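S.K.: One structure coming up, written as structure tokens, with questions to follow.
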Amino acid sequence: MSIDYSMFCFQCQEAAKGTGCTVRGICGKTSDVANLQDLLIYVLKGISIVNVHARKLGLNEESTDKFVMEGLFSTITNANFKREDFVNLITEGLQIRDKIKASLEGKIEDRAFGLDAVTWNGSEEEYEVKATSIGILSIEDEDIRSLRELLVYGLKGMAAYAKHAYQLGYKNEDIFDFMEKTLAATLDNQLNTLELMGLVVETGRYGVEVMALLDTANTSTYGNPEITQVNIGVRNNPAILISGHDLKDMEELLQQTEGTGVDVYTHGEMLPANYYPAFKKYEHFVGNYGNAWWQQDKEFEAFNGPILMTTNCITPPKDSYKDRIYTTGVTGFDGVKHIAEPEVGEAKDFSAIIEHAKRCAPPTELENGTIVGGFAHNTVIGLADQIVEAVKSGAIKRFFVMAGCDGRMKSRDYYTEFAKALPQDTVILTAGCAKYRYNKLELGDINGIPRVLDAGQCNDSYSLAVIALKLKEIFELNDINELPISYNIAWYEQKAVIVLLALLYLGVKNIHLGPTLPAFLSPNVVKVLVETFRIGGITNVEDDLKMFMGN
């Protein structure tokens, strides 16, 4: 295939023209960083090929699994924009690959590897040439290309959730094994579309496992989320705003700011930290500031204090607040300060950002009042009798799962209007930053049950699946799809991909995705998903409501 683009990326919902970014990412990613990310993924595939053999011989090292996991995570949309980080990761990855190969010398035949991902000894100077030969569009067959990319994006989401669990001391060797076997499989030209589709379904299975692992990690460490009224106003103290998803960073920041006179607020996907009992003991933990990630250019400016970006969600910062941005973990951006990983067993050092906060004015108030959340599976199942009675009496006619991601496209106003238009006898189940489209609307309650039940972060979509499976059991149904639940899900990036695959593995059908279907799905792959799982898109609020309520 002739490739005339300086880059090609279509992994997120905002892919240019609905097909792919070819000059610069809509996210702000430059072409050289995009190509380096492609190279890193290629190197991770090479590591996986040799490590699959090492694992069979009992020679696998945990550090290799960790590198693959973090490498995948670093390429998620809005995580890392820093060229130097990817050059370093590629260099380290090649060293890891060659070390594993050396450990296998004489134990297996070299031809057992079979794929050139293990023979490239690339240098920074040749990365542009190599990126062209191994990039997404180098795969001629669009259906093979589509399924391979679907697998890779699912693995990126899986790696993100595995990393959060790992931070808290929880890991699953089977998940690492699957990630590496599947990465290797995406270079296997012997696999046909049917076999790749089988791997897609299996990826959903491990998506369920990784979200269950993270749920255990979070709740075992910080307690089960509780129904919580979260303050959205401000106090008159200097403060730090923490965004992203990493609860371990949240814990360590709260510990280190205690008694300093510096308040802490959450932003975006860190909002659900307010629901965990372990964090409520900190008096300087004020509440949530602002909305979803894409509004940070205005909200970070108004916050006045420093901002800690713990995972993906960062967008290119404006000069007016760039000096107040701190990144940590896999997150990075040129020209902003980075808080390094600590030695094993030690906490991160947040002293620099704390001292910075002390020199800043208090946040400018954007709004006031409270929003309610904390409806994860433990809480909702505790309300099961009340919910079942409301369903049996007809007070609740239908649940709408409106989980997923928010984004900057005007078309996403659809979800606000859809929530407003829902009949008063319906309840929204949500998780992820999609909730910011309607979690501040006055939608009321049904017999004391709020009409918006927020389970938490995007990974807490697992909670929604647990709730659905529990209701299926209570109502003695044979099929989860017999429940009065409709799925109208907004997606943006690769963690949404693994959530979708997990739901498909659990047998959920009739999921509607918007505001557009993924650009990386070829027409034939879409056809298979529609025929097998009845996946659909969205149209307009009026017609979609008729369709959903008709079901």
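Residue numbering restarts at 1 in every chain; chains get A, B, ... in the order shown in the structure tokens, and ligands count up from 1 in that same order.
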May I have a table of the residues of segment 287-387 of chain A lying at most 8 Å from segment 65-82 of chain A, giving each one's closest pair of atoms and their distance in Å to one decimal, counting only C-alpha atoms, ordered by chain and ascending residue number, as a tab-separated table?
M.R.:
residue	atom	partner	partner_atom	distance
A:Thr311	CA	A:Ala79	CA	6.0
A:Asn312	CA	A:Ala79	CA	3.7
A:Cys313	CA	A:Asn78	CA	5.1
A:Ile314	CA	A:Asn78	CA	5.3
A:Thr315	CA	A:Asn78	CA	6.1
A:Val330	CA	A:Ser74	CA	5.3
A:Thr331	CA	A:Asn80	CA	4.8
A:Gly332	CA	A:Asn80	CA	4.4
A:Phe333	CA	A:Lys82	CA	4.8
A:Asp334	CA	A:Lys82	CA	5.3
S.K.: Would you write out those residues with N, CA, C and O atoms, as a PDB file, in the first residue's frame?
M.R.:
ATOM      1  N   THR A 311      -2.537   9.954  34.994  1.00  0.00           N
ATOM      2  CA  THR A 311      -2.637   8.974  33.906  1.00  0.00           C
ATOM      3  C   THR A 311      -3.064   9.720  32.651  1.00  0.00           C
ATOM      4  O   THR A 311      -2.891  10.925  32.555  1.00  0.00           O
ATOM      5  N   ASN A 312      -3.645   8.980  31.695  1.00  0.00           N
ATOM      6  CA  ASN A 312      -4.136   9.679  30.505  1.00  0.00           C
ATOM      7  C   ASN A 312      -5.274  10.615  30.883  1.00  0.00           C
ATOM      8  O   ASN A 312      -5.966  10.390  31.866  1.00  0.00           O
ATOM      9  N   CYS A 313      -5.445  11.644  30.106  1.00  0.00           N
ATOM     10  CA  CYS A 313      -6.431  12.721  30.229  1.00  0.00           C
ATOM     11  C   CYS A 313      -5.785  14.076  29.987  1.00  0.00           C
ATOM     12  O   CYS A 313      -6.478  15.086  29.885  1.00  0.00           O
ATOM     13  N   ILE A 314      -4.454  14.152  29.906  1.00  0.00           N
ATOM     14  CA  ILE A 314      -3.805  15.435  29.675  1.00  0.00           C
ATOM     15  C   ILE A 314      -3.996  15.858  28.222  1.00  0.00           C
ATOM     16  O   ILE A 314      -3.975  15.034  27.306  1.00  0.00           O
ATOM     17  N   THR A 315      -4.229  17.151  28.018  1.00  0.00           N
ATOM     18  CA  THR A 315      -4.230  17.719  26.670  1.00  0.00           C
ATOM     19  C   THR A 315      -3.126  18.770  26.623  1.00  0.00           C
ATOM     20  O   THR A 315      -2.671  19.243  27.671  1.00  0.00           O
ATOM     21  N   VAL A 330       3.023   7.068  33.671  1.00  0.00           N
ATOM     22  CA  VAL A 330       3.310   6.973  32.233  1.00  0.00           C
ATOM     23  C   VAL A 330       3.033   8.282  31.514  1.00  0.00           C
ATOM     24  O   VAL A 330       3.292   8.407  30.314  1.00  0.00           O
ATOM     25  N   THR A 331       2.489   9.262  32.223  1.00  0.00           N
ATOM     26  CA  THR A 331       2.081  10.519  31.597  1.00  0.00           C
ATOM     27  C   THR A 331       3.284  11.425  31.355  1.00  0.00           C
ATOM     28  O   THR A 331       4.203  11.464  32.167  1.00  0.00           O
ATOM     29  N   GLY A 332       3.265  12.158  30.255  1.00  0.00           N
ATOM     30  CA  GLY A 332       4.366  13.066  29.978  1.00  0.00           C
ATOM     31  C   GLY A 332       4.016  14.101  28.931  1.00  0.00           C
ATOM     32  O   GLY A 332       3.176  13.857  28.053  1.00  0.00           O
ATOM     33  N   PHE A 333       4.670  15.258  29.035  1.00  0.00           N
ATOM     34  CA  PHE A 333       4.515  16.311  28.042  1.00  0.00           C
ATOM     35  C   PHE A 333       5.773  17.171  28.065  1.00  0.00           C
ATOM     36  O   PHE A 333       6.284  17.498  29.142  1.00  0.00           O
ATOM     37  N   ASP A 334       6.261  17.522  26.891  1.00  0.00           N
ATOM     38  CA  ASP A 334       7.480  18.334  26.819  1.00  0.00           C
ATOM     39  C   ASP A 334       7.301  19.661  27.548  1.00  0.00           C
ATOM     40  O   ASP A 334       6.288  20.345  27.370  1.00  0.00           O
TER      41      ASP A 334
END
S.K.: What lies within 7 Å of segment 503-518 of chain A using only C-alpha atoms, ignoring chain neighbours under 4 positions off, as number ranges by chain?
M.R.: A: 13, 201, 204-205, 411-412, 480-481, 487-491, 499, 533-538
S.K.: Report, in Å to a single decimal, how far apart atom CA of Pro423 of chain A and atom CA of Val541 of chain A are.
M.R.: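 So the two atoms, atom CA of Val541 of chain A and atom CA of Pro423 of chain A, lie 12.4 Å apart.
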S.K.: Taking the chain letters and numbering used in this document, name the residues of segment 79-291 of chain A that DSSP puts in strand (DSSP E or B), as a PyMOL selection string.
M.R.: chain A and resi 80+105+108+228-231+239-243+263-266+285-288
S.K.: Would you mind telling me which residue in A:Gly20, A:Gly456, A:Gly407, A:Gly287 lies nearest to Leu429 of chain A when using only C-alpha atoms?
M.R.: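 Of all the options, A:Gly456 lies closest to Leu429 of chain A.
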S.K.: Which residues are close to segment 234-244 of chain A, i.e. within 8 Å by only C-alpha atoms, leaving aside same-chain residues fewer than 6 positions away? Reply as a ChimeraX atom specification.
M.R.: /A:250,261-270,286,289,303,305-313,353-354,357-365,368
S.K.: What are the closest atom pairs, with distances in Å to one decimal, for all residues of segment 185-231 of chain A lying within 9 Å of segment 164-176 of chain A? Consider only C-alpha atoms, order rows by chain and residue number, and present the result as a Markdown table.
M.R.:
| residue | atom | partner | partner_atom | distance |
| --- | --- | --- | --- | --- |
| A:Tyr206 | CA | A:Ile175 | CA | 6.6 |
| A:Gly207 | CA | A:Ile175 | CA | 8.9 |
| A:Glu209 | CA | A:Ile175 | CA | 7.8 |
| A:Val210 | CA | A:Ile175 | CA | 7.1 |
| A:Met211 | CA | A:Ala165 | CA | 8.9 |
| A:Leu213 | CA | A:Ala165 | CA | 6.7 |
| A:Leu214 | CA | A:Ala165 | CA | 4.8 |
| A:Asp215 | CA | A:Ala165 | CA | 8.2 |
| A:Thr216 | CA | A:Ala165 | CA | 8.4 |
| A:Ala217 | CA | A:Ala165 | CA | 5.6 |
| A:Asn218 | CA | A:Ala165 | CA | 7.5 |
| A:Thr221 | CA | A:Leu168 | CA | 7.5 |
S.K.: So how many Å separate atom CA of Met158 of chain A and atom CA of Leu104 of chain A, to one decimal?
M.R.: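 Atom-to-atom, atom CA of Met158 of chain A and atom CA of Leu104 of chain A are spaced 28.0 Å apart.
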S.K.: Would you pick out the contacts of Thr22 of chain A at 9 Å or less, using only C-alpha atoms, so that residues sharing its chain but fewer than 3 positions from it are not included, and give the list as JSON, numbers by chain?
M.R.: {"A": [4, 5, 6, 7, 8, 9, 16, 25, 31]}
S.K.: Between A:Gly154, A:Gly259, A:Pro342, A:Pro277, which has the minimum distance to Ile498 of chain A (counting only C-alpha atoms)?
M.R.: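 Of A:Gly154, A:Gly259, A:Pro342, A:Pro277, the one nearest Ile498 of chain A is A:Gly154, counting only C-alpha atoms.
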S.K.: May I ask which of the residues A:Asn439, A:Gln296, A:Thr203, A:Thr370 is the closest one to Asn231 of chain A, counting only C-alpha atoms?
M.R.: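 Checking each of A:Asn439, A:Gln296, A:Thr203, A:Thr370 against Asn231 of chain A, counting only C-alpha atoms, the winner is A:Thr370.
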S.K.: Let me make sure I understand: among A:Glu149, A:Glu252, A:Glu542, A:Asp38, which one has the smallest atom-to-atom distance to Tyr415 of chain A if we use only C-alpha atoms?
M.R.: A:Glu542
S.K.: With distances taken over only C-alpha atoms, which residue among A:Lys440, A:Leu183, A:Pro317, A:Gly58 lies nearest Ile232 of chain A?
M.R.: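 Looking at the shortest contact to Ile232 of chain A, the residue is A:Lys440.
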S.K.: From the DSSP assignment of the backbone, select every residue of segment 32-260 of chain A that is helix (DSSP H, G or I), and format the answer as a ChimeraX atom specification.
M.R.: /A:32-56,62-74,83-104,110-112,116-118,124-134,136-138,142-167,173-185,193-222,247-257
S.K.: Residues at most 9 Å from segment 92-100 of chain A, counting only C-alpha atoms, excluding those fewer than 2 positions away in the same chain, as an mmCIF file with N, CA, C and O atoms, in the first residue's frame?
M.R.:
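Output saved as part_34.cif:
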data_model
loop_
_atom_site.group_PDB
_atom_site.id
_atom_site.type_symbol
_atom_site.label_atom_id
_atom_site.label_comp_id
_atom_site.auth_asym_id
_atom_site.auth_seq_id
_atom_site.Cartn_x
_atom_site.Cartn_y
_atom_site.Cartn_z
ATOM 1 N N LEU A 40 7.093 1.662 19.219
ATOM 2 C CA LEU A 40 7.089 1.052 20.546
ATOM 3 C C LEU A 40 6.155 -0.154 20.572
ATOM 4 O O LEU A 40 6.509 -1.214 21.119
ATOM 5 N N VAL A 43 7.903 -2.964 18.964
ATOM 6 C CA VAL A 43 8.929 -3.526 19.849
ATOM 7 C C VAL A 43 8.278 -4.385 20.934
ATOM 8 O O VAL A 43 8.784 -5.462 21.288
ATOM 9 N N LEU A 44 7.157 -3.933 21.471
ATOM 10 C CA LEU A 44 6.445 -4.722 22.488
ATOM 11 C C LEU A 44 5.978 -6.050 21.915
ATOM 12 O O LEU A 44 5.964 -7.072 22.614
ATOM 13 N N GLY A 46 7.595 -7.644 19.581
ATOM 14 C CA GLY A 46 8.813 -8.436 19.514
ATOM 15 C C GLY A 46 9.200 -9.018 20.853
ATOM 16 O O GLY A 46 9.584 -10.196 20.957
ATOM 17 N N ILE A 47 9.109 -8.220 21.904
ATOM 18 C CA ILE A 47 9.372 -8.713 23.264
ATOM 19 C C ILE A 47 8.423 -9.861 23.584
ATOM 20 O O ILE A 47 8.815 -10.885 24.144
ATOM 21 N N SER A 48 7.162 -9.682 23.215
ATOM 22 C CA SER A 48 6.143 -10.693 23.518
ATOM 23 C C SER A 48 6.440 -12.008 22.814
ATOM 24 O O SER A 48 6.263 -13.084 23.386
ATOM 25 N N ILE A 49 6.892 -11.920 21.568
ATOM 26 C CA ILE A 49 7.195 -13.137 20.815
ATOM 27 C C ILE A 49 8.250 -13.965 21.537
ATOM 28 O O ILE A 49 8.097 -15.181 21.717
ATOM 29 N N VAL A 50 9.329 -13.326 21.975
ATOM 30 C CA VAL A 50 10.386 -14.100 22.639
ATOM 31 C C VAL A 50 9.990 -14.470 24.061
ATOM 32 O O VAL A 50 10.353 -15.542 24.566
ATOM 33 N N ASN A 51 9.203 -13.604 24.712
ATOM 34 C CA ASN A 51 8.858 -13.881 26.105
ATOM 35 C C ASN A 51 7.834 -15.002 26.239
ATOM 36 O O ASN A 51 7.769 -15.666 27.274
ATOM 37 N N ALA A 54 10.042 -17.796 26.628
ATOM 38 C CA ALA A 54 10.694 -17.752 27.936
ATOM 39 C C ALA A 54 9.739 -18.195 29.038
ATOM 40 O O ALA A 54 10.128 -18.913 29.974
ATOM 41 N N LEU A 59 11.408 -18.976 32.386
ATOM 42 C CA LEU A 59 12.468 -17.962 32.415
ATOM 43 C C LEU A 59 11.920 -16.536 32.411
ATOM 44 O O LEU A 59 12.688 -15.582 32.294
ATOM 45 N N ASN A 60 10.621 -16.403 32.505
ATOM 46 C CA ASN A 60 10.026 -15.069 32.470
ATOM 47 C C ASN A 60 10.378 -14.269 33.717
ATOM 48 O O ASN A 60 10.438 -14.803 34.828
ATOM 49 N N THR A 64 9.732 -7.792 32.841
ATOM 50 C CA THR A 64 9.332 -7.796 31.431
ATOM 51 C C THR A 64 7.838 -7.554 31.302
ATOM 52 O O THR A 64 7.389 -6.734 30.490
ATOM 53 N N PHE A 67 7.119 -3.960 31.955
ATOM 54 C CA PHE A 67 7.506 -3.081 30.852
ATOM 55 C C PHE A 67 6.469 -3.126 29.738
ATOM 56 O O PHE A 67 6.079 -2.078 29.196
ATOM 57 N N VAL A 68 6.010 -4.316 29.379
ATOM 58 C CA VAL A 68 5.000 -4.443 28.327
ATOM 59 C C VAL A 68 3.716 -3.729 28.743
ATOM 60 O O VAL A 68 3.116 -2.980 27.951
ATOM 61 N N GLY A 71 4.359 0.019 28.739
ATOM 62 C CA GLY A 71 4.563 0.486 27.369
ATOM 63 C C GLY A 71 3.251 0.635 26.623
ATOM 64 O O GLY A 71 3.013 1.634 25.936
ATOM 65 N N VAL A 87 11.505 7.461 22.719
ATOM 66 C CA VAL A 87 12.838 7.036 22.278
ATOM 67 C C VAL A 87 13.481 6.163 23.352
ATOM 68 O O VAL A 87 14.042 5.100 23.073
ATOM 69 N N ASN A 88 13.370 6.592 24.612
ATOM 70 C CA ASN A 88 13.954 5.831 25.723
ATOM 71 C C ASN A 88 13.274 4.475 25.893
ATOM 72 O O ASN A 88 13.931 3.466 26.158
ATOM 73 N N LEU A 89 11.944 4.451 25.755
ATOM 74 C CA LEU A 89 11.214 3.188 25.894
ATOM 75 C C LEU A 89 11.579 2.208 24.785
ATOM 76 O O LEU A 89 11.743 1.003 25.028
ATOM 77 N N ILE A 90 11.711 2.716 23.560
ATOM 78 C CA ILE A 90 12.094 1.842 22.441
ATOM 79 C C ILE A 90 13.485 1.265 22.674
ATOM 80 O O ILE A 90 13.721 0.061 22.487
ATOM 81 N N ALA A 102 18.893 -13.887 24.412
ATOM 82 C CA ALA A 102 20.156 -14.483 24.885
ATOM 83 C C ALA A 102 19.892 -15.577 25.904
ATOM 84 O O ALA A 102 20.572 -16.610 25.926
ATOM 85 N N SER A 103 18.895 -15.388 26.758
ATOM 86 C CA SER A 103 18.579 -16.396 27.779
ATOM 87 C C SER A 103 18.013 -17.670 27.160
ATOM 88 O O SER A 103 18.043 -18.733 27.786
ATOM 89 N N LEU A 104 17.506 -17.565 25.925
ATOM 90 C CA LEU A 104 16.922 -18.717 25.245
ATOM 91 C C LEU A 104 17.913 -19.418 24.321
ATOM 92 O O LEU A 104 17.581 -20.452 23.743
ATOM 93 N N GLU A 105 19.088 -18.842 24.186
ATOM 94 C CA GLU A 105 20.069 -19.397 23.254
ATOM 95 C C GLU A 105 20.381 -20.852 23.603
ATOM 96 O O GLU A 105 20.715 -21.178 24.747
ATOM 97 N N VAL A 118 11.665 -9.551 16.000
ATOM 98 C CA VAL A 118 12.746 -9.918 16.905
ATOM 99 C C VAL A 118 14.117 -9.701 16.276
ATOM 100 O O VAL A 118 15.127 -9.930 16.904
ATOM 101 N N TRP A 120 14.858 -6.722 14.280
ATOM 102 C CA TRP A 120 15.172 -5.317 14.047
ATOM 103 C C TRP A 120 16.031 -4.780 15.180
ATOM 104 O O TRP A 120 15.699 -4.896 16.353
ATOM 105 N N ASN A 121 17.124 -4.152 14.842
ATOM 106 C CA ASN A 121 18.002 -3.528 15.836
ATOM 107 C C ASN A 121 17.999 -2.024 15.620
ATOM 108 O O ASN A 121 19.040 -1.383 15.478
ATOM 109 N N GLY A 122 16.824 -1.467 15.565
ATOM 110 C CA GLY A 122 16.602 -0.088 15.144
ATOM 111 C C GLY A 122 17.361 0.964 15.929
ATOM 112 O O GLY A 122 17.796 0.763 17.049
#
